[in-house]
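Asker: Input: one structure, supplied below.
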Protein chains: 2
Amino acid sequence: MPSSRWTTWAWMLLLSGCAMGWPKQSSSATSDIRNCTISPPFLPPTVTDTSAQLNALRQRMQFYNISAYIVPATDAHMSEYIAERDARLAWISSFTGSAGTGVVTTKKAALWTDSRYWTQAERQMDCNWELQKIVWTDSIGEWLLQEIPAGENIGLDPFLFSIDLWNSYARVLQGSSRTLVPIEDNLVDLVWGTQRPPSPTSKIYLLPETFTGSTWQEKVSGIRSQMEKHSRSPTAVLLSALEETAWLFNLRGDDISYNPVFFSYALLTTSDISLFVDRNRLSTETLQSLSAQCPGPLCVQVEEYDQVRASVQAYAQGDVRVWIGTEYTTYGLYGVIPQDKLVESSYSPVMTTKAVKNAKEQTLLRAAHVRDAVAVIQYLLWLEKNVPKGLVDEFSGARYVDKLRREKEHCRGASFETISASGLNAALAHYSPSNVSSRKLSVDEMYLSDSGGQYLDGTTDITRTVHWGEPTPFQKEAYTRVLMGNIDLARLVFPSETSGRVVEAFARRALWEVGLNYGHGTGHGIGNFLSVHEWPVGFQSNNVPLVKGMFTSIEPGYYQEGEFGIRIEDVALVVEAQTKHGAGEKAYLTFEVVSLVPYDRNLIDISFLSEDQIQYLNTYYETIRQRVGPELQRRQLEEEYEWLRRNTQPFSRGTLVAASLGTLAITSLVSTLLPDRQA
Amino acid sequence: MPSSRWTTWAWMLLLSGCAMGWPKQSSSATSDIRNCTISPPFLPPTVTDTSAQLNALRQRMQFYNISAYIVPATDAHMSEYIAERDARLAWISSFTGSAGTGVVTTKKAALWTDSRYWTQAERQMDCNWELQKIVWTDSIGEWLLQEIPAGENIGLDPFLFSIDLWNSYARVLQGSSRTLVPIEDNLVDLVWGTQRPPSPTSKIYLLPETFTGSTWQEKVSGIRSQMEKHSRSPTAVLLSALEETAWLFNLRGDDISYNPVFFSYALLTTSDISLFVDRNRLSTETLQSLSAQCPGPLCVQVEEYDQVRASVQAYAQGDVRVWIGTEYTTYGLYGVIPQDKLVESSYSPVMTTKAVKNAKEQTLLRAAHVRDAVAVIQYLLWLEKNVPKGLVDEFSGARYVDKLRREKEHCRGASFETISASGLNAALAHYSPSNVSSRKLSVDEMYLSDSGGQYLDGTTDITRTVHWGEPTPFQKEAYTRVLMGNIDLARLVFPSETSGRVVEAFARRALWEVGLNYGHGTGHGIGNFLSVHEWPVGFQSNNVPLVKGMFTSIEPGYYQEGEFGIRIEDVALVVEAQTKHGAGEKAYLTFEVVSLVPYDRNLIDISFLSEDQIQYLNTYYETIRQRVGPELQRRQLEEEYEWLRRNTQPFSRGTLVAASLGTLAITSLVSTLLPDRQA
């Protein structure tokens with residue numbers, strides 16, 4: 001699934017004057033579904049009235065003497081997915097998309113979100129809210145400069161903005177006589193009051209050793225050794241992303257849907273470890289694991305979650321240096337550490353260490369992907385049989401694939417809300433169906449399924465796009481070019497420590513060639529029973545360089561507005577490449593695709609593919625047969641096994657002739673006649 | 001020629017924590033030629049004793065109470081090429097390379113430069129100087145932290161550091177209790193004294209209208225209109241790069257070798273224009289052109305060069321906002337403008353406007369490249385005849401190609417010091433021969449020629465690598481893969497406003513595939529009778545997005561240390577692409593190569609090329625025939641015309657068979673038998 005942090009990224013690009021590989025979206029691209037110029041306004045029935053919330057918020061704003069208040073869609077840990085109690089933007093605006101920023105002034109309210117969410121925003125927001133679609137050329141900062149007179153204040157909750165984002169706002173407003181005012185009380189929370197959902201109380205649990213790459217003590221030692229080697233000799237690392245504490249201590253929780261994390265911070269010093277978390281939620285077993293080596297450098301002291309700021313402030317009084325990740329540490333925490341005691345990098349050593357999976361973690365993730373492939377293959381076969389009968393809609397399809405996954409060993413549910421989109425709905429990259437609006441799947445339309453599972457051994461994320469009838473030549477060309485992009489990036493050989501953004505365009509070249517493109521990122525890291533979008537791996541400008549042992553998705557797409565959507569997504573492991581020349585200490589890398597589901601043969605026009613691409617595809621299919629075939633047989637899924645054999649037949653130029661006749665039977669015949677390349 | 005600003009770029013990457021597409025260089029890669037551990041030390045005869053300079057500088061440092069002094073290789077305009085009087089680093093260290101930074105402490109002296117210059121530095125510097133090769137992982141900042149105790153000061157001339165570079169140093173030292181001290185007197189200049197070369201006195205002249213894209217008044221109006229449209233409403237633009245003033249006023253000078261620029265600044269406000277330059281150097285005609293519309297908004301007031309700081313400071317007292325380019329405006333000028341009166345962008349609107357050539361400028365540049373191709377073709381033919389006779393060495397070759405260019409219409413000399421490198425010398429990417437050390441060209445070695453001309457209508461830059469004997473299979477493969485990189489980038493179709501760095505890897509893919517790479521950038525902008533490396537166009541992270549009308553070099557290479565070097569460089573214009581689908585308002589772009597010299601057929605192994613690459617090559621060759629053929633005939637260069645016909649024969653898979661037999665005669669035969677694709 002394309003990462004939602006794209007918006008943050010867009011912001012950074014915008015503010016840094018950089019640019020990316022696709023054209024600006026103009027505001028005139030789509031007109032608003034709503035008509036707020038007539039009285040009464042025309043609004044979709046899905047809209048909610050936000051007047052009461054806004055009035056209450058504006059009263060608070062007056063009290064704090066601010067003319068504008070910025071409401072982001074994230075939480076105090078810069079999480080991509082958030083808990084209900086952190087859905088402040090949704091509460092104040094009614095817009096429930098995962099990416100967006102709201103700004104409320106004394107007279108206006110505006111929401112910025114990217115093109116994935118424009119339609120959703122128009123369907124959810126009333127006329128109190130204007131939708132800002134031109135995130136690219138205009139900016140929130142410029143809008144504020146227009147709306148807020150000089151000399152006035154703009155309020156923000158410093159615990160909801162990363163240092164980097166805070167600085168971006170500060171830069172835009174610099175010298176403009178408008179002041180950014182950090183307000184520690186969250187004004188939305190004050191207005192939300194008792195209606196705000198409570199803090200979670202569910203148990204936080206230990207991940208069994210079978211599913212961890214190393215013990216938490218080994219991880220702590222590894223981080224401390226990085227602290228020692230650092231030229232600034234940091235005395236502590238502050239962990240403020242939820243993935244950091246979950247990974248470091250081998251603990252999991254269920255505070256946020258789809259993400260097995262729990263609200264916490266940690267301060268890891270050279271001699272002590274403090275975990276800031278609701279102590280009541282730790283099981284006896286967990287507490288024992290954390291305190292087994294007390295007192296000592298491997299003793300975890302549990303402190304209250306709310307104490308983090310005070311504790312960090314107290315610690316920072318000493319002769320210390322605190323290492324933080326500026327991409328996701330909030331301005332609120334950053335502010336209590338004196339400037340000369342900060343050691344800043346984009347990501348903390350916990351984040352960067354977590355990104356490189358060790359041998360055991362790689363094995364675990366690979367194994368999860370085999371079981372995941374079984375679920376997806378079962379689903380694709382089921383669709384093939386039931387769609388022509390008119391028995392499936394988007395929602396029932398999503399529920400079915402979720403069910404197939406849940407039945408698998410070690411599965412703890414979906415890793416994100418399943419995207420199941422037919423026809424024109426798939427043109428919205430993040431569309432998810434509901435039981436009130438769900439399109440029937442049909443042999444006359446393309447269908448996009450983007451789903452993933454949380455398994456104790458790994459998190460998965462895969463997208464397949466299929467057509468059971470007669471796709472148009474343009475649909476086949478677009479699909480094939482998306483596939484070519486996927487292949488070209490997956491088979492690329494590149495030097496170690498190459499930045500993802502430097503190679504991302506290989507996934508777009510085949511589309512660009514004919515004037516097509518897609519408007520989202522090309523991939524993201526993924527965790528071992530952690531986030532489906534795991535930073536800092538990926539192909540965007542704020543991702544870290546690629547090294548051996550990282551996992552990333554590769555997911556080019558193409559979206560034809562009002563007609564169809566295509567995305568082909570696999571998860572791949574960064575591995576060493578065997579090269580003809582060179583090498584030596586300068587290792588070259590490539591990808592090993594660990595998602596193991598064949599692509600839709602009905603949508604591939606083999607005539608577009610080069611010999612190298614065909615050869616790559618055949619090798620990949622052989623790997624699928626070898627890894628997934630035995631698992632299907634073991635489970636006695638004979639029909640699925642046959643489906644797999646049929647759908648992983650090697651391609652050759654011979655297939656081209658057959659494919660153009662459109663008859664699967666002939667394809668099989670030709671394949672039989674031709675010597676089996678894999679044999 | 002690969003850009004020397006690479007070092008600045010490397011610095012920025014280093015300091016910003018970004019990474020690029022090739023591996024780190026370790027300090028152990030090459031051992032020092034010098035041996036400073038024995039007494040007396042072993043030193044090459046080319047070394048100069050710098051003890052006197054260093055002693056004198058250290059005395060000054062004591063006076064100013066600083067423990068270290070940083071000496072960059074640039075001038076007050078952040079010029080890549082500098083005048084003799086600005087060669088402070090060369091004077092203090094004896095190192096004459098174009099990129100480097102020296103740091104002198106009370107006890108040590110160290111020079112940082114990139115791998116292109118390591119050997120040169122070791123051959124020029126005595127044992128007072130240590131060479132720092134690990135620019136990548138270590139940094140000058142970290143070295144300073146080791147060498148300078150806390151509480152002490154580090155001095156810099158604020159007029160020799162761009163804002164961005166100053167801030168990078170400041171960030172590294174932040175919180176370390178070492179203070180960066182701006183010292184307005186340049187300490188090297190004080191020590192250099194009367195021995196320092198004087199300021200230039202030669203005439204500054206008007207570029208005839210035939211060779212300009214628009215009048216300076218039109219350019220001024222265009223910049224003012226951009227100021228009006230800017231959301232911060234800047235009241236002035238400060239021009240501090242020498243290319244900016246030369247371009248804006250259609251003036252040229254000869255203050256810096258190979259670069260027709262003159263020392264100057266300009267302050268362009270909404271109502272006034274100030275040009276800071278030595279008035280005595282302006283011809284009557286020039287003064288008339290500048291003052292023809294006085295008084296009024298198009299009246300240029302000439303002020304003394306040294307007055308710029310005071311004038312900007314005085315201007316900045318008012319209710320103004322000054323737009324500057326932070327990449328190249330010095331900290332010294334930046335410091336006199338209050339923070340709230342600055343409008344900062346990486347490049348000023350003059351720089352970005354200059355980068356996009358209008359139709360007339362494009363025509364001019366294309367025309368210069370046709371004459372330039374004639375010179376290079378004459379040279380290649382001359383080499384073919386004279387190298388086998390043993391009559392050519394690197395230096396005489398360089399002089400000959402320079403002479404051929406100078407004979408051409410509108411030529412005003414070379415655009416940089418000609419690189420002419422045979423065999424192992426070509427492995428040094430920036431090697432230039434001298435009359436004391438020059439290798440004989442031989443049919444047994446590869447030869448690399450990188451040269452360019454300054455024509456009144458355009459600046460050129462082209463590299464061809466050739467072999468007149470029997471190249472090894474590895475040499476052919478490496479050459480062919482470099483060519484594939486050149487072709488793959490040149491024929492790429494990409495969306496408008498794509499950043500160069502996003503597509504740069506297409507020039508490396510074919511090399512990476514087999515574990516090969518090159519350690520310099522892939523291209524740079526180029527001017528109309530201006531700099532051969534014209535910012536901000538190119539493929540590096542601090543270049544601006546590519547738009548229609550920009551010119552850039554495309555120059556992948558491969559360097560086998562101690563054996564040979566390959567580079568294939570062309571200049572290309574960014575043009576609109578005709579795409580099968582899409583397009584509309586979202587224009588797609590591609591490149592039109594304007595360098596018009598065929599590649600060495602003897603080094604191409606056609607079996608590596610895809611059909612698409614072959615087709616591209618044949619189309620390019622047909623363009624060469626069409627554009628350069630008539631020019632050769634017009635000049636009655638019959639032998640060159642035949643050479644061109646022979647060397648632009650279309651390739652086909654048929655050629656493959658012939659080429660593998662190694663007989664040119666058969667190649668010609670096959671070509672004759674095969675239908676001529678271009679006919």
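Within each chain, counting starts at residue 1; across the structure tokens, chains are named A, B, ... in the order shown, with ligands numbered 1 upward in that order.
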Contacts between chain B and chain A, please, where a residue of chain A counts if it comes within 8 Å (with only C-alpha atoms); show its shortest atom pair and distance in Å to one decimal, rows by chain and ascending number, as a tab-separated table.

Answerer:
residue	atom	partner	partner_atom	distance
A:Gly17	CA	B:Ser345	CA	7.7
A:Cys18	CA	B:Val544	CA	7.3
A:Ala19	CA	B:Ser499	CA	5.9
A:Met20	CA	B:Thr498	CA	5.4
A:Gly21	CA	B:Thr498	CA	4.5
A:Trp22	CA	B:Pro495	CA	5.8
A:Pro23	CA	B:Lys586	CA	6.2
A:Glu142	CA	B:Ser231	CA	7.4
A:Gln174	CA	B:Asp340	CA	6.6
A:Gly175	CA	B:Asp340	CA	3.6
A:Ser176	CA	B:Asp340	CA	6.9
A:Ser231	CA	B:Glu142	CA	7.5
A:Gln339	CA	B:Gly175	CA	6.6
A:Asp340	CA	B:Gly175	CA	3.7
A:Lys341	CA	B:Gly175	CA	6.8
A:Leu342	CA	B:Gly175	CA	7.9
A:Ser345	CA	B:Gly17	CA	7.7
A:Ser346	CA	B:Gly17	CA	7.8
A:Leu492	CA	B:Glu513	CA	7.3
A:Val493	CA	B:Glu513	CA	5.2
A:Phe494	CA	B:Trp512	CA	5.5
A:Pro495	CA	B:Trp22	CA	5.7
A:Ser496	CA	B:Pro23	CA	6.5
A:Glu497	CA	B:Gly21	CA	6.8
A:Thr498	CA	B:Gly21	CA	4.3
A:Ser499	CA	B:Met20	CA	5.9
A:Arg501	CA	B:Val502	CA	6.4
A:Val502	CA	B:Val502	CA	5.2
A:Val503	CA	B:Ala505	CA	6.3
A:Glu504	CA	B:Val502	CA	7.3
A:Ala505	CA	B:Val503	CA	6.3
A:Phe506	CA	B:Phe506	CA	7.9
A:Arg509	CA	B:Val493	CA	7.4
A:Trp512	CA	B:Phe494	CA	5.5
A:Glu513	CA	B:Val493	CA	5.2
A:Val514	CA	B:Thr579	CA	4.7
A:Gly515	CA	B:Gly582	CA	4.5
A:Leu516	CA	B:Gly582	CA	5.6
A:Val544	CA	B:Cys18	CA	7.4
A:Pro545	CA	B:Ala19	CA	6.2
A:Thr579	CA	B:Val514	CA	4.7
A:Lys580	CA	B:Val514	CA	4.9
A:His581	CA	B:Gly515	CA	5.2
A:Gly582	CA	B:Gly515	CA	4.5
A:Ala583	CA	B:Gly515	CA	5.5
A:Lys586	CA	B:Pro23	CA	6.2
A:Tyr588	CA	B:Gly515	CA	6.4

Asker: Any chance you could export the current selection's N, CA and C atoms as a compact mmCIF listing (two decimals), in the first residue's frame?

Answerer:
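Saved result, selection_28.txt, follows:
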# COMPACT_ATOMS: atom_id res chain seq x y z
N GLY A 17 12.39 23.35 -1.58
CA GLY A 17 12.61 23.75 -2.97
C GLY A 17 13.02 22.62 -3.87
N CYS A 18 12.96 21.39 -3.36
CA CYS A 18 13.29 20.25 -4.22
C CYS A 18 12.09 19.94 -5.11
N ALA A 19 12.25 18.96 -5.97
CA ALA A 19 11.11 18.58 -6.79
C ALA A 19 11.15 17.10 -7.05
N MET A 20 10.09 16.57 -7.54
CA MET A 20 10.01 15.15 -7.72
C MET A 20 9.54 14.83 -9.13
N GLY A 21 9.36 13.53 -9.34
CA GLY A 21 9.15 13.06 -10.69
C GLY A 21 7.75 13.11 -11.24
N TRP A 22 6.88 13.93 -10.73
CA TRP A 22 5.60 14.01 -11.43
C TRP A 22 5.05 15.42 -11.36
N PRO A 23 4.14 15.69 -12.28
CA PRO A 23 3.69 17.07 -12.44
C PRO A 23 2.85 17.54 -11.26
N GLU A 142 1.83 29.90 3.15
CA GLU A 142 1.42 31.04 2.34
C GLU A 142 -0.04 31.41 2.61
N GLN A 174 9.19 33.02 8.76
CA GLN A 174 10.33 33.83 9.16
C GLN A 174 10.27 35.26 8.59
N GLY A 175 10.43 36.22 9.47
CA GLY A 175 10.48 37.61 9.02
C GLY A 175 9.14 38.17 8.60
N SER A 176 8.06 37.43 8.86
CA SER A 176 6.75 37.88 8.38
C SER A 176 5.95 38.55 9.49
N SER A 231 31.01 10.15 17.10
CA SER A 231 32.02 11.17 17.39
C SER A 231 31.58 12.17 18.46
N GLN A 339 20.20 23.13 23.52
CA GLN A 339 20.74 22.96 22.18
C GLN A 339 22.11 22.25 22.17
N ASP A 340 22.98 22.62 23.10
CA ASP A 340 24.32 22.04 23.07
C ASP A 340 24.38 20.63 23.64
N LYS A 341 23.23 20.12 24.08
CA LYS A 341 23.21 18.74 24.58
C LYS A 341 22.46 17.81 23.64
N LEU A 342 22.17 18.31 22.45
CA LEU A 342 21.45 17.50 21.48
C LEU A 342 22.42 16.88 20.48
N SER A 345 20.11 13.45 14.49
CA SER A 345 20.18 12.84 13.16
C SER A 345 18.74 12.64 12.71
N SER A 346 18.54 12.37 11.45
CA SER A 346 17.16 12.23 10.98
C SER A 346 16.46 11.10 11.73
N LEU A 492 17.14 -4.52 -10.67
CA LEU A 492 18.24 -3.57 -10.77
C LEU A 492 19.41 -3.99 -9.88
N VAL A 493 20.61 -3.83 -10.39
CA VAL A 493 21.82 -4.01 -9.59
C VAL A 493 22.36 -2.61 -9.29
N PHE A 494 22.69 -2.34 -8.03
CA PHE A 494 23.13 -0.99 -7.66
C PHE A 494 24.14 -1.06 -6.52
N PRO A 495 24.97 -0.04 -6.38
CA PRO A 495 25.99 -0.08 -5.32
C PRO A 495 25.35 -0.01 -3.93
N SER A 496 25.98 -0.64 -2.97
CA SER A 496 25.50 -0.56 -1.60
C SER A 496 25.44 0.90 -1.18
N GLU A 497 24.47 1.20 -0.33
CA GLU A 497 24.25 2.54 0.20
C GLU A 497 23.76 3.55 -0.83
N THR A 498 23.18 3.05 -1.91
CA THR A 498 22.49 3.94 -2.84
C THR A 498 21.18 4.38 -2.22
N SER A 499 20.84 5.64 -2.37
CA SER A 499 19.54 6.13 -1.87
C SER A 499 18.42 5.60 -2.75
N ARG A 501 15.71 7.02 -3.60
CA ARG A 501 15.18 8.02 -4.54
C ARG A 501 15.99 8.06 -5.83
N VAL A 502 17.25 7.61 -5.76
CA VAL A 502 18.12 7.64 -6.93
C VAL A 502 17.73 6.54 -7.93
N VAL A 503 17.09 5.48 -7.45
CA VAL A 503 16.75 4.37 -8.34
C VAL A 503 15.24 4.24 -8.57
N GLU A 504 14.47 5.07 -7.90
CA GLU A 504 13.01 4.95 -7.95
C GLU A 504 12.46 5.07 -9.37
N ALA A 505 13.10 5.89 -10.20
CA ALA A 505 12.58 6.16 -11.54
C ALA A 505 12.58 4.93 -12.44
N PHE A 506 13.36 3.90 -12.09
CA PHE A 506 13.32 2.67 -12.88
C PHE A 506 11.92 2.05 -12.85
N ARG A 509 9.95 4.32 -15.61
CA ARG A 509 10.43 4.56 -16.97
C ARG A 509 9.47 4.05 -18.05
N TRP A 512 6.49 6.38 -18.15
CA TRP A 512 6.89 7.70 -18.67
C TRP A 512 7.04 7.67 -20.19
N GLU A 513 7.61 6.56 -20.67
CA GLU A 513 7.90 6.43 -22.10
C GLU A 513 6.69 6.75 -22.97
N VAL A 514 5.50 6.44 -22.46
CA VAL A 514 4.29 6.70 -23.25
C VAL A 514 3.42 7.78 -22.61
N GLY A 515 4.01 8.58 -21.72
CA GLY A 515 3.27 9.71 -21.17
C GLY A 515 2.39 9.36 -19.98
N LEU A 516 2.65 8.24 -19.31
CA LEU A 516 1.86 7.86 -18.14
C LEU A 516 2.72 7.94 -16.87
N VAL A 544 16.54 6.41 4.14
CA VAL A 544 17.99 6.19 4.27
C VAL A 544 18.50 5.33 3.12
N PRO A 545 19.81 5.35 2.87
CA PRO A 545 20.37 4.54 1.78
C PRO A 545 20.09 3.05 1.97
N THR A 579 28.13 -9.89 -9.36
CA THR A 579 28.39 -9.16 -10.60
C THR A 579 29.59 -9.76 -11.35
N LYS A 580 29.56 -9.58 -12.67
CA LYS A 580 30.59 -10.12 -13.55
C LYS A 580 31.96 -9.50 -13.23
N HIS A 581 31.99 -8.19 -13.05
CA HIS A 581 33.25 -7.50 -12.73
C HIS A 581 33.10 -6.85 -11.35
N GLY A 582 34.11 -6.08 -11.00
CA GLY A 582 34.05 -5.21 -9.84
C GLY A 582 33.90 -5.96 -8.55
N ALA A 583 32.89 -5.57 -7.79
CA ALA A 583 32.61 -6.17 -6.49
C ALA A 583 33.76 -5.96 -5.53
N LYS A 586 33.50 -3.28 -2.51
CA LYS A 586 32.38 -2.44 -2.91
C LYS A 586 31.21 -3.31 -3.33
N TYR A 588 27.80 -4.84 -4.47
CA TYR A 588 26.64 -4.42 -5.24
C TYR A 588 25.42 -5.17 -4.72

Asker: Tell me, as an MDAnalysis selection string, which residues lie within 10 Å of A:Ser233, counting only C-alpha atoms; anything in the same chain fewer than 2 positions away does not count.

Answerer: chainID A and resid 226:231 235:236 320:323 343

Asker: Could you write out that same residue set with N, CA and C atoms as a PDB file, in the first residue's frame?

Answerer:
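Output saved as selection.pdb:
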ATOM      1  N   GLN A 226      26.813   1.611  19.411  1.00  0.00           N
ATOM      2  CA  GLN A 226      26.765   2.687  18.415  1.00  0.00           C
ATOM      3  C   GLN A 226      26.954   4.057  19.062  1.00  0.00           C
ATOM      4  N   MET A 227      26.438   4.215  20.278  1.00  0.00           N
ATOM      5  CA  MET A 227      26.608   5.480  20.994  1.00  0.00           C
ATOM      6  C   MET A 227      28.087   5.721  21.269  1.00  0.00           C
ATOM      7  N   GLU A 228      28.789   4.660  21.688  1.00  0.00           N
ATOM      8  CA  GLU A 228      30.220   4.785  21.977  1.00  0.00           C
ATOM      9  C   GLU A 228      31.014   5.198  20.751  1.00  0.00           C
ATOM     10  N   LYS A 229      30.631   4.632  19.601  1.00  0.00           N
ATOM     11  CA  LYS A 229      31.404   4.907  18.378  1.00  0.00           C
ATOM     12  C   LYS A 229      31.120   6.288  17.799  1.00  0.00           C
ATOM     13  N   HIS A 230      30.031   6.917  18.200  1.00  0.00           N
ATOM     14  CA  HIS A 230      29.640   8.204  17.618  1.00  0.00           C
ATOM     15  C   HIS A 230      30.617   9.305  18.042  1.00  0.00           C
ATOM     16  N   SER A 231      31.005  10.152  17.097  1.00  0.00           N
ATOM     17  CA  SER A 231      32.023  11.168  17.388  1.00  0.00           C
ATOM     18  C   SER A 231      31.580  12.169  18.460  1.00  0.00           C
ATOM     19  N   THR A 235      25.240  10.386  25.382  1.00  0.00           N
ATOM     20  CA  THR A 235      25.103   9.621  26.624  1.00  0.00           C
ATOM     21  C   THR A 235      23.734   8.950  26.703  1.00  0.00           C
ATOM     22  N   ALA A 236      22.847   9.308  25.792  1.00  0.00           N
ATOM     23  CA  ALA A 236      21.503   8.714  25.811  1.00  0.00           C
ATOM     24  C   ALA A 236      20.875   8.768  24.433  1.00  0.00           C
ATOM     25  N   VAL A 320      25.376  15.769  29.755  1.00  0.00           N
ATOM     26  CA  VAL A 320      24.875  14.690  28.890  1.00  0.00           C
ATOM     27  C   VAL A 320      24.718  15.168  27.452  1.00  0.00           C
ATOM     28  N   ARG A 321      24.542  14.229  26.571  1.00  0.00           N
ATOM     29  CA  ARG A 321      24.208  14.528  25.181  1.00  0.00           C
ATOM     30  C   ARG A 321      23.143  13.515  24.739  1.00  0.00           C
ATOM     31  N   VAL A 322      22.020  14.027  24.326  1.00  0.00           N
ATOM     32  CA  VAL A 322      20.879  13.158  23.997  1.00  0.00           C
ATOM     33  C   VAL A 322      20.718  13.045  22.481  1.00  0.00           C
ATOM     34  N   TRP A 323      20.753  11.814  22.004  1.00  0.00           N
ATOM     35  CA  TRP A 323      20.659  11.516  20.563  1.00  0.00           C
ATOM     36  C   TRP A 323      19.180  11.354  20.203  1.00  0.00           C
ATOM     37  N   VAL A 343      22.228  15.639  20.169  1.00  0.00           N
ATOM     38  CA  VAL A 343      22.910  15.011  19.046  1.00  0.00           C
ATOM     39  C   VAL A 343      21.796  14.644  18.072  1.00  0.00           C
TER      40      VAL A 343
END

Asker: For A:Leu251, which residue among A:Asp75, A:Asn280, A:Tyr315, A:Phe529 is the nearest when counting only C-alpha atoms?

Answerer: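 Among the listed residues, A:Phe529 lies closest to A:Leu251.
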
Asker: List every residue of stretch 326-491 of chain A that DSSP, applied to the backbone of this structure, assigns to strand (DSSP E or B), and report them as number ranges by chain.

Answerer: A: 330, 342-345, 393, 411-414, 419-422, 440, 446-451, 453-455, 458-459, 462-467

Asker: According to DSSP computed on the backbone, where in stretch 66-306 of chain B is there alpha helix (DSSP H)? Give the residues as a VMD selection string.

Answerer: chain B and resid 88 to 93 118 to 124 140 to 147 163 to 173 187 to 192 216 to 229 242 to 248 284 to 291

Asker: Using only C-alpha atoms, which of the listed residues (B:Val547, B:Ala375, B:Val103, B:Ala246) sits closest to B:Asn259?

Answerer: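 Of B:Val547, B:Ala375, B:Val103, B:Ala246, the one nearest B:Asn259 is B:Ala246, counting only C-alpha atoms.
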
Asker: Between atom CA of A:Tyr258 and atom CA of A:Ser422, measure the distance and give it in Å to one decimal.

Answerer: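 Atom CA of A:Ser422 lies at a distance of 23.4 Å from atom CA of A:Tyr258.
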
Asker: May I have the residues within 12 Å of A:Arg406 as a list in words, using only C-alpha atoms and disregarding those fewer than 4 positions away in the same chain?

Answerer: Arg371, Asp372, Val374, Ala375, Val376, Arg399, Tyr400, Val401, Asp402, His410, Cys411, Arg412, Gly413, Ala414, Ser415, Gly452, Gly453, Gln454, Tyr455 and Leu456 of chain A

Asker: Do you have the atom CA of B:Asn250-atom CA of B:Pro295 distance handy?

Answerer: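 These atoms are spaced 20.2 Å apart.
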
Asker: When you look at stretch 252-254 of chain B with a cut-off of 10 Å (counting only C-alpha atoms), what residues show up, excluding the ones that are within fewer than 2 positions of it in the same chain? I need them as an MDAnalysis selection string.

Answerer: chainID B and resid 83 200:207 242:243 245:247 249:250 256:263 281:282 529:530

Asker: Residues near A:Gly629, anyone? I mean within 10 Å using only C-alpha atoms, not counting same-chain ones fewer than 3 positions away, as JSON, numbers by chain.

Answerer: {"A": [370, 374, 622, 623, 624, 625, 626, 632, 633, 634, 637, 638, 640, 641, 642, 644, 645]}

Asker: As a list of chain:residue names, please: the residues near B:Asn618 (cut-off 12 Å, only C-alpha atoms, same-chain neighbours under 2 positions excluded).

Answerer: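 In the requested format, the answer is B:Ile487, B:Pro598, B:Tyr599, B:Glu611, B:Asp612, B:Gln613, B:Ile614, B:Gln615, B:Tyr616, B:Tyr620, B:Tyr621, B:Glu622, B:Thr623, B:Ile624, B:Arg625, B:Asn647, B:Thr648, B:Gln649, B:Pro650, B:Phe651, B:Ser652, B:Asp676, B:Arg677, B:Gln678, B:Ala679.
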
Asker: So how far away is atom CA of B:Ile273 from atom CA of B:Val336, in Å?

Answerer: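 Atom-to-atom, atom CA of B:Val336 to atom CA of B:Ile273, that is 19.0 Å.
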
Asker: Taking 4 positions as the minimum chain separation for residues in the same chain, which residues sit within 12 Å of B:Leu483 when counting only C-alpha atoms? Answer as a ChimeraX atom specification.

Answerer: /B:463-465,476-479,487-490,506-511,554-558,566-570,598-601,603-606,608-609,613-614,616-617

Asker: Nearest residue to B:Ile82 out of B:Ser531, B:Ser274, B:Ser291, B:Gln62, using only C-alpha atoms?

Answerer: B:Ser531
